[in-house]
file query-v2.cif (mmCIF, C-alpha atoms)
data_target
loop_
_atom_site.label_atom_id
_atom_site.label_comp_id
_atom_site.auth_asym_id
_atom_site.auth_seq_id
_atom_site.Cartn_x
_atom_site.Cartn_y
_atom_site.Cartn_z
CA MET A 2 -12.28 15.41 19.68
CA LYS A 3 -12.25 18.61 17.64
CA LYS A 4 -8.48 18.28 17.14
CA LEU A 5 -8.91 14.67 16.03
CA VAL A 6 -11.58 15.60 13.49
CA THR A 7 -9.43 18.48 12.24
CA SER A 8 -6.43 16.16 11.82
CA ILE A 9 -8.44 13.59 9.89
CA ALA A 10 -9.87 16.31 7.66
CA LEU A 11 -6.35 17.65 7.04
CA ILE A 12 -5.04 14.21 6.07
CA ALA A 13 -8.00 13.65 3.74
CA ALA A 14 -7.44 17.05 2.14
CA MET A 15 -3.76 16.29 1.64
CA GLY A 16 -4.77 12.95 0.11
CA GLY A 17 -7.00 14.74 -2.37
CA PHE A 18 -4.20 17.20 -3.12
CA GLY A 19 -1.77 14.33 -3.63
CA SER A 20 -4.14 12.59 -6.04
CA ALA A 21 -4.70 15.81 -7.96
CA ALA A 22 -0.97 16.45 -8.12
CA PHE A 23 -0.38 12.93 -9.42
CA ALA A 24 -3.07 13.34 -12.06
CA ALA A 25 -1.49 16.63 -13.12
CA GLU A 26 1.95 15.02 -13.26
CA GLU A 27 0.61 12.18 -15.40
CA GLY A 28 -0.85 14.74 -17.74
CA HIS A 29 2.59 16.23 -18.42
CA ASP A 30 4.51 15.42 -21.55
CA LEU A 31 5.66 11.78 -21.44
CA LYS A 32 9.01 12.73 -22.94
CA ALA A 33 9.73 15.17 -20.09
CA GLN A 34 8.81 12.54 -17.48
CA THR A 35 10.99 9.96 -19.23
CA GLU A 36 13.97 12.30 -19.38
CA HIS A 37 13.51 13.15 -15.70
CA ALA A 38 13.37 9.45 -14.79
CA ILE A 39 16.49 8.66 -16.81
CA ALA A 40 18.42 11.57 -15.25
CA GLY A 41 17.42 10.73 -11.70
CA GLY A 42 17.20 6.96 -11.99
CA HIS A 43 13.56 7.05 -10.85
CA PHE A 44 11.29 4.40 -12.29
CA PRO A 45 8.58 3.72 -13.25
CA VAL A 46 8.02 6.77 -15.42
CA LEU A 47 4.27 6.43 -14.85
CA LYS A 48 2.65 4.89 -11.78
CA PRO A 49 0.07 2.13 -12.33
CA HIS A 50 -3.60 3.06 -12.25
CA GLU A 51 -5.60 1.65 -9.35
CA GLU A 52 -7.94 -0.90 -10.89
CA LYS A 53 -11.15 -2.24 -9.38
CA TRP A 54 -10.65 -5.79 -8.12
CA SER A 55 -13.26 -8.13 -6.67
CA PHE A 56 -10.80 -9.12 -3.93
CA ALA A 57 -10.12 -5.55 -2.78
CA GLY A 58 -11.28 -4.22 0.58
CA PRO A 59 -11.90 -5.96 3.90
CA PHE A 60 -14.74 -8.10 2.45
CA GLY A 61 -13.30 -8.71 -1.02
CA LYS A 62 -13.55 -12.15 -2.63
CA TYR A 63 -12.01 -13.77 -5.65
CA ASP A 64 -14.12 -14.06 -8.78
CA LYS A 65 -13.71 -17.75 -9.69
CA GLY A 66 -14.76 -17.13 -13.27
CA GLN A 67 -12.03 -14.52 -13.62
CA LEU A 68 -9.48 -16.82 -12.00
CA GLN A 69 -10.33 -19.60 -14.46
CA ARG A 70 -9.84 -17.21 -17.36
CA GLY A 71 -6.54 -16.07 -15.85
CA LEU A 72 -5.40 -19.68 -15.57
CA LYS A 73 -6.20 -20.15 -19.25
CA ILE A 74 -4.04 -17.14 -20.15
CA TYR A 75 -1.18 -18.38 -17.99
CA LYS A 76 -1.34 -21.82 -19.60
CA GLU A 77 -1.58 -20.62 -23.21
CA VAL A 78 0.70 -17.57 -23.01
CA CYS A 79 2.75 -17.05 -19.85
CA SER A 80 3.82 -20.66 -19.21
CA ALA A 81 5.92 -20.62 -22.37
CA CYS A 82 8.53 -18.59 -20.46
CA HIS A 83 7.48 -18.30 -16.81
CA SER A 84 7.41 -21.04 -14.20
CA MET A 85 5.05 -21.21 -11.22
CA SER A 86 6.96 -23.71 -9.12
CA LEU A 87 5.26 -23.01 -5.77
CA VAL A 88 1.72 -23.72 -6.98
CA SER A 89 0.50 -27.31 -7.05
CA PHE A 90 -2.15 -28.56 -9.45
CA ARG A 91 -4.42 -29.77 -6.64
CA THR A 92 -4.98 -26.19 -5.44
CA LEU A 93 -6.89 -25.55 -8.67
CA GLU A 94 -9.91 -27.15 -6.98
CA ASP A 95 -10.24 -23.80 -5.17
CA LEU A 96 -11.01 -22.24 -8.56
CA GLY A 97 -14.14 -24.38 -8.92
CA TYR A 98 -12.71 -27.37 -10.76
CA SER A 99 -13.58 -30.94 -9.78
CA GLU A 100 -10.99 -33.51 -8.76
CA GLU A 101 -11.29 -35.25 -12.12
CA GLN A 102 -10.84 -31.97 -14.00
CA VAL A 103 -7.70 -31.22 -12.00
CA LYS A 104 -6.30 -34.68 -12.77
CA ALA A 105 -6.96 -34.18 -16.47
CA PHE A 106 -5.40 -30.71 -16.38
CA ALA A 107 -2.26 -31.95 -14.60
CA ALA A 108 -1.88 -34.82 -17.07
CA GLU A 109 -1.34 -32.28 -19.85
CA TYR A 110 2.07 -31.50 -18.31
CA GLU A 111 5.19 -33.61 -17.97
CA VAL A 112 7.48 -33.50 -14.94
CA GLN A 113 10.85 -35.00 -14.24
CA ASP A 114 10.99 -37.74 -11.63
CA GLY A 115 13.41 -40.33 -10.36
CA PRO A 116 15.85 -41.76 -10.07
CA ASN A 117 14.43 -45.13 -11.09
CA ALA A 118 15.85 -48.55 -10.23
CA ASP A 119 18.68 -47.93 -12.71
CA GLY A 120 19.55 -44.61 -11.13
CA GLU A 121 18.25 -42.59 -14.05
CA MET A 122 15.86 -39.64 -14.10
CA PHE A 123 12.76 -39.99 -16.24
CA SER A 124 9.74 -37.98 -17.37
CA ARG A 125 6.13 -38.77 -16.54
CA LYS A 126 2.73 -37.15 -16.72
CA ALA A 127 2.03 -34.81 -13.84
CA VAL A 128 -0.46 -35.65 -11.09
CA PRO A 129 -2.41 -33.23 -8.83
CA SER A 130 0.27 -33.32 -6.12
CA ASP A 131 2.90 -32.01 -8.55
CA HIS A 132 3.69 -28.34 -9.03
CA PHE A 133 3.54 -26.39 -12.26
CA PRO A 134 6.79 -27.30 -14.07
CA SER A 135 9.26 -24.82 -15.50
CA PRO A 136 9.51 -24.57 -19.31
CA TYR A 137 13.31 -24.75 -18.93
CA PRO A 138 15.49 -27.46 -17.36
CA ASN A 139 17.39 -24.91 -15.21
CA LYS A 140 17.91 -21.18 -14.64
CA GLU A 141 20.95 -21.08 -16.90
CA ALA A 142 18.93 -22.45 -19.82
CA ALA A 143 16.15 -19.95 -19.07
CA ALA A 144 18.61 -17.06 -19.09
CA ALA A 145 20.30 -18.25 -22.27
CA SER A 146 16.94 -18.41 -24.05
CA ASN A 147 15.95 -14.90 -22.97
CA GLY A 148 18.92 -12.69 -23.68
CA GLY A 149 20.77 -13.38 -20.45
CA ALA A 150 17.92 -12.76 -17.98
CA ALA A 151 15.81 -15.65 -16.72
CA PRO A 152 12.06 -14.87 -16.65
CA PRO A 153 10.86 -14.54 -13.03
CA ASP A 154 8.85 -17.29 -11.42
CA MET A 155 5.20 -16.22 -11.21
CA SER A 156 4.24 -17.98 -7.99
CA LEU A 157 4.61 -14.86 -5.83
CA LEU A 158 4.88 -12.24 -8.53
CA ALA A 159 1.72 -10.37 -7.51
CA LYS A 160 3.08 -9.93 -3.97
CA ALA A 161 6.68 -9.25 -4.98
CA ARG A 162 5.89 -6.55 -7.54
CA GLY A 163 4.04 -3.30 -7.10
CA VAL A 164 4.63 0.41 -6.71
CA GLU A 165 4.00 1.76 -3.24
CA ARG A 166 1.68 4.70 -2.83
CA GLY A 167 3.03 7.87 -1.27
CA PHE A 168 1.85 10.04 1.61
CA PRO A 169 -0.81 10.11 2.89
CA GLN A 170 -2.32 7.05 1.20
CA PHE A 171 0.16 4.68 2.83
CA ILE A 172 -1.21 5.67 6.26
CA PHE A 173 -4.65 4.33 5.38
CA ASP A 174 -3.07 1.31 3.69
CA MET A 175 -1.73 0.18 7.06
CA ILE A 176 -5.20 0.17 8.66
CA PRO A 177 -6.88 -3.18 7.83
CA ILE A 178 -10.35 -2.03 8.91
CA LEU A 179 -10.19 0.65 6.21
CA GLY A 180 -9.45 -1.96 3.59
CA GLY A 181 -5.67 -1.98 3.50
CA TYR A 182 -4.18 -1.48 0.05
CA GLN A 183 -2.84 -4.82 -1.12
CA GLU A 184 -3.58 -4.57 -4.83
CA GLY A 185 -0.31 -2.88 -5.82
CA GLY A 186 0.99 -6.08 -7.45
CA PRO A 187 -2.05 -6.75 -9.68
CA ASP A 188 -2.22 -3.04 -10.54
CA TYR A 189 1.41 -3.14 -11.63
CA ILE A 190 1.08 -6.34 -13.68
CA HIS A 191 -2.03 -4.98 -15.43
CA ALA A 192 -0.31 -1.66 -16.17
CA LEU A 193 2.79 -3.38 -17.50
CA LEU A 194 0.86 -5.67 -19.84
CA THR A 195 -1.21 -2.81 -21.25
CA GLY A 196 1.50 -0.14 -21.17
CA TYR A 197 3.70 -1.04 -24.15
CA GLN A 198 4.04 1.89 -26.55
CA GLU A 199 6.43 3.64 -28.88
CA PRO A 200 9.09 5.66 -27.02
CA PRO A 201 8.64 9.45 -27.09
CA GLU A 202 10.50 11.33 -29.78
CA GLY A 203 14.13 11.77 -28.80
CA ILE A 204 14.13 8.87 -26.33
CA GLU A 205 16.18 5.89 -27.47
CA VAL A 206 15.95 2.39 -26.05
CA ALA A 207 18.47 -0.41 -26.44
CA GLU A 208 18.12 -2.72 -29.39
CA GLY A 209 15.99 -5.74 -28.57
CA THR A 210 14.12 -3.98 -25.76
CA HIS A 211 10.61 -2.51 -25.64
CA PHE A 212 9.56 0.82 -24.16
CA ASN A 213 7.13 0.63 -21.27
CA PRO A 214 6.72 3.64 -18.92
CA TYR A 215 5.24 1.39 -16.20
CA PHE A 216 8.28 -0.88 -15.93
CA ALA A 217 9.71 -0.46 -12.42
CA SER A 218 13.39 -1.02 -13.24
CA ALA A 219 14.10 0.94 -16.43
CA ILE A 220 12.38 2.60 -19.38
CA ALA A 221 12.42 -0.58 -21.45
CA LEU A 222 12.46 -4.33 -20.96
CA LYS A 223 13.41 -7.30 -23.08
CA MET A 224 10.03 -8.98 -22.85
CA ALA A 225 8.02 -8.10 -25.94
CA PRO A 226 4.28 -7.48 -25.57
CA PRO A 227 3.24 -11.01 -24.57
CA ILE A 228 -0.44 -10.86 -25.47
CA SER A 229 -2.82 -9.03 -27.76
CA ALA A 230 -6.57 -8.85 -28.33
CA ASP A 231 -8.29 -12.07 -29.50
CA GLN A 232 -5.17 -14.15 -28.83
CA VAL A 233 -6.89 -16.36 -26.24
CA THR A 234 -10.40 -17.70 -26.79
CA TYR A 235 -12.84 -17.34 -23.90
CA ASP A 236 -15.70 -19.82 -23.65
CA ASP A 237 -17.94 -17.71 -21.42
CA GLY A 238 -18.47 -14.77 -23.76
CA THR A 239 -16.15 -12.40 -21.88
CA PRO A 240 -14.66 -9.72 -24.18
CA GLN A 241 -11.32 -10.85 -25.59
CA THR A 242 -9.51 -7.54 -25.22
CA LEU A 243 -6.01 -6.76 -24.01
CA ASP A 244 -7.39 -4.95 -20.98
CA GLN A 245 -9.60 -7.92 -20.02
CA TYR A 246 -6.79 -10.41 -20.54
CA SER A 247 -4.50 -8.30 -18.35
CA GLN A 248 -7.08 -8.02 -15.56
CA ASP A 249 -7.81 -11.75 -15.60
CA VAL A 250 -4.20 -12.94 -15.48
CA SER A 251 -3.35 -10.32 -12.82
CA ALA A 252 -6.19 -11.59 -10.62
CA PHE A 253 -5.06 -15.18 -11.16
CA LEU A 254 -1.50 -14.32 -10.15
CA MET A 255 -2.84 -12.62 -7.02
CA TRP A 256 -4.65 -15.84 -6.14
CA ALA A 257 -1.49 -17.87 -6.85
CA ALA A 258 0.47 -15.64 -4.48
CA GLU A 259 -2.21 -15.56 -1.77
CA PRO A 260 -4.76 -18.38 -2.17
CA HIS A 261 -5.99 -18.00 1.43
CA LEU A 262 -6.80 -14.30 1.12
CA GLU A 263 -10.53 -14.75 1.74
CA GLU A 264 -9.94 -16.90 4.83
CA ARG A 265 -7.43 -14.36 6.15
CA LYS A 266 -9.94 -11.53 5.75
CA ARG A 267 -12.70 -13.50 7.50
CA THR A 268 -10.38 -14.31 10.39
CA GLY A 269 -9.23 -10.71 10.64
CA PHE A 270 -12.81 -9.44 10.69
CA MET A 271 -13.76 -11.85 13.49
CA VAL A 272 -10.68 -10.83 15.48
CA ILE A 273 -11.60 -7.15 15.16
CA VAL A 274 -15.19 -7.85 16.25
CA PHE A 275 -13.91 -9.86 19.22
CA LEU A 276 -11.55 -7.05 20.24
CA LEU A 277 -14.33 -4.48 20.04
CA ILE A 278 -16.65 -6.62 22.21
CA PHE A 279 -13.81 -7.38 24.63
CA THR A 280 -12.98 -3.67 24.91
CA ALA A 281 -16.63 -2.84 25.62
CA LEU A 282 -16.81 -5.53 28.33
CA ILE A 283 -13.61 -4.27 29.94
CA TYR A 284 -14.97 -0.73 29.95
CA LEU A 285 -18.30 -1.79 31.48
CA THR A 286 -16.52 -3.91 34.09
CA LYS A 287 -14.26 -1.02 35.05
CA LYS A 288 -17.22 1.34 35.23
CA SER A 289 -19.15 -1.10 37.45
CA VAL A 290 -16.25 -1.77 39.81
CA TYR A 291 -15.32 1.87 40.29
CA SER A 292 -18.87 3.20 40.43
CA ARG A 293 -18.94 2.42 44.18
CA LYS A 294 -15.58 4.07 44.86
CA GLU A 295 -15.26 7.62 46.02
CA HIS A 296 -13.28 9.84 43.70
#

call {"tool": "encode", "arguments": {"input": "query-v2.cif", "output": "structure tokens"}}
result
Amino acid sequence: MKKLVTSIALIAAMGGFGSAAFAAEEGHDLKAQTEHAIAGGHFPVLKPHEEKWSFAGPFGKYDKGQLQRGLKIYKEVCSACHSMSLVSFRTLEDLGYSEEQVKAFAAEYEVQDGPNADGEMFSRKAVPSDHFPSPYPNKEAAAASNGGAAPPDMSLLAKARGVERGFPQFIFDMIPILGGYQEGGPDYIHALLTGYQEPPEGIEVAEGTHFNPYFASAIALKMAPPISADQVTYDDGTPQTLDQYSQDVSAFLMWAAEPHLEERKRTGFMVIVFLLIFTALIYLTKKSVYSRKEH
């Protein structure tokens, strides 16, 4: 037992040291970090900050108000370039909308259907069973309109993106009962949206690209800052800041990627409780059976 406690204390101490080292590294000159990243091919230059999310931890839940605001941002800003082809309109009822509201929302989009009796494709208003349509007819058109690179589909973006944490945090991330770190994607999206800045002196970026030290693939990306303060109007009085916009759309994309997160956590908790009770019963049964045996 003493060795176990000592080991846990050592891991926790190393975790604190790792966090302190990271904070110190982040405090270094951005130019030096950028040059080091360019020389070694290591990106991002800066790791995303760990934000506080309502859905974090073993008992976390989505904030429906935040998800509705995130949907608004996606519709008014992101959907101009990014598709969300794996998300159907009818799932928006999980965000607190009524069936009639979902029908009205879907009808604001047009989708391609067909062929008709004449063998031709045609456009119609979307219905709840349809998925969010792409703003482009195909990937080639999307790439041609964005400098040769098609904008990624946002359906699973919050699960596909993210910067993994190093030792020893990743050990605790693998233990569900301790919370399990699954917010790397939203952290990354939030950091990317709020991280645009001028490149450090002496660091050049390609023409038509924008410096962002949180970008995971290079020091700059072609996507210009997509949103700014007061660009989207909130009806619930929530501050219309870049940070708030970024948090809301990141949370919405997490829901889009994992809409059954709350149900999964409830099921996992019940399974853990069952296993604990089952283990206790097995132990008591063993103790009762062998209590009459000579050792």

call {"tool": "resolve_selection", "arguments": {"input": "query-v2.cif", "expression": "the PyMOL selection byres ((chain A and resi 66-75) around 7)", "output": "list in words"}}
result
Asp64, Lys65, Lys76, Glu77, Val78, Cys79, Ser80, Leu96, Val233, Asp249, Val250, Ala252 and Phe253 of chain A

call {"tool": "closest_residue", "arguments": {"input": "query-v2.cif", "among": "A:Glu100, A:Ala151, A:Pro187, A:Ala127", "to": "Trp54 (chain A)", "atoms": "only C-alpha atoms"}}
result
A:Pro187

call {"tool": "closest_residue", "arguments": {"input": "query-v2.cif", "among": "A:Ser135, A:Gln183, A:Gln170, A:Gln245", "to": "Leu262 (chain A)", "atoms": "all atoms listed in the file"}}
result
A:Gln183

call {"tool": "atom_distance", "arguments": {"input": "query-v2.cif", "atom1": "CA of Gln248 (chain A)", "atom2": "CA of Leu47 (chain A)"}}
result
18.4 Å

call {"tool": "atom_distance", "arguments": {"input": "query-v2.cif", "atom1": "CA of Ala258 (chain A)", "atom2": "CA of Ala161 (chain A)"}}
result
8.9 Å

call {"tool": "atom_distance", "arguments": {"input": "query-v2.cif", "atom1": "CA of Asn213 (chain A)", "atom2": "CA of Gly196 (chain A)"}}
result
5.7 Å

call {"tool": "resolve_selection", "arguments": {"input": "query-v2.cif", "expression": "the PyMOL selection byres ((chain A and resi 158) around 9)", "output": "PyMOL selection string"}}
result
chain A and resi 153-157+159-162+186-187+190+254-255+257-258

call {"tool": "residues_around", "arguments": {"input": "query-v2.cif", "residues": "Lys48 (chain A)", "least_positions_apart": "3", "cutoff": "8 Å", "atoms": "all atoms listed in the file", "output": "ChimeraX atom specification"}}
result
/A:45,164,215

call {"tool": "resolve_selection", "arguments": {"input": "query-v2.cif", "expression": "the PyMOL selection byres ((chain A and resi 204) around 10)", "output": "list in words"}}
result
Lys32, Ala33, Thr35, Glu36, Ile39, Glu199, Pro200, Pro201, Glu202, Gly203, Glu205, Val206, Phe212 and Ile220 of chain A

call {"tool": "residues_around", "arguments": {"input": "query-v2.cif", "residues": "Met224 (chain A)", "least_positions_apart": "3", "cutoff": "8 Å", "atoms": "all atoms listed in the file", "output": "number ranges by chain"}}
result
A: 210-211, 227

call {"tool": "axis_aligned_box", "arguments": {"input": "query-v2.cif", "around": "region 218-228 of chain A", "padding_each_side": "5 Å", "output": "lines of an AutoDock Vina configuration file"}}
result
center_x = 6.8
center_y = -4.2
center_z = -19.6
size_x = 24.5
size_y = 23.6
size_z = 22.7

call {"tool": "residues_around", "arguments": {"input": "query-v2.cif", "residues": "region 109-114 of chain A", "least_positions_apart": "4", "cutoff": "10 Å", "atoms": "only C-alpha atoms", "output": "list in words"}}
result
Lys104, Ala105, Glu121, Met122, Phe123, Ser124, Arg125, Lys126, Ala127, Val128, Asp131, His132, Phe133, Pro134, Ser135 and Pro138 of chain A

call {"tool": "write_last_selection", "arguments": {"input": "query-v2.cif", "atoms": "C-alpha atoms", "output": "PDB file, keeping the file's coordinate frame"}}
result
ATOM      1  CA  LYS A 104      -6.300 -34.680 -12.770  1.00  0.00           C
ATOM      2  CA  ALA A 105      -6.960 -34.180 -16.470  1.00  0.00           C
ATOM      3  CA  GLU A 121      18.250 -42.590 -14.050  1.00  0.00           C
ATOM      4  CA  MET A 122      15.860 -39.640 -14.100  1.00  0.00           C
ATOM      5  CA  PHE A 123      12.760 -39.990 -16.240  1.00  0.00           C
ATOM      6  CA  SER A 124       9.740 -37.980 -17.370  1.00  0.00           C
ATOM      7  CA  ARG A 125       6.130 -38.770 -16.540  1.00  0.00           C
ATOM      8  CA  LYS A 126       2.730 -37.150 -16.720  1.00  0.00           C
ATOM      9  CA  ALA A 127       2.030 -34.810 -13.840  1.00  0.00           C
ATOM     10  CA  VAL A 128      -0.460 -35.650 -11.090  1.00  0.00           C
ATOM     11  CA  ASP A 131       2.900 -32.010  -8.550  1.00  0.00           C
ATOM     12  CA  HIS A 132       3.690 -28.340  -9.030  1.00  0.00           C
ATOM     13  CA  PHE A 133       3.540 -26.390 -12.260  1.00  0.00           C
ATOM     14  CA  PRO A 134       6.790 -27.300 -14.070  1.00  0.00           C
ATOM     15  CA  SER A 135       9.260 -24.820 -15.500  1.00  0.00           C
ATOM     16  CA  PRO A 138      15.490 -27.460 -17.360  1.00  0.00           C
TER      17      PRO A 138
END

call {"tool": "closest_residue", "arguments": {"input": "query-v2.cif", "among": "A:Asp188, A:Glu101, A:Glu295, A:Asp236", "to": "Lys53 (chain A)", "atoms": "only C-alpha atoms"}}
result
A:Asp188

call {"tool": "residues_around", "arguments": {"input": "query-v2.cif", "residues": "Asp244 (chain A)", "least_positions_apart": "2", "cutoff": "8 Å", "atoms": "all atoms listed in the file", "output": "PyMOL selection string"}}
result
chain A and resi 191+195+242+246-248
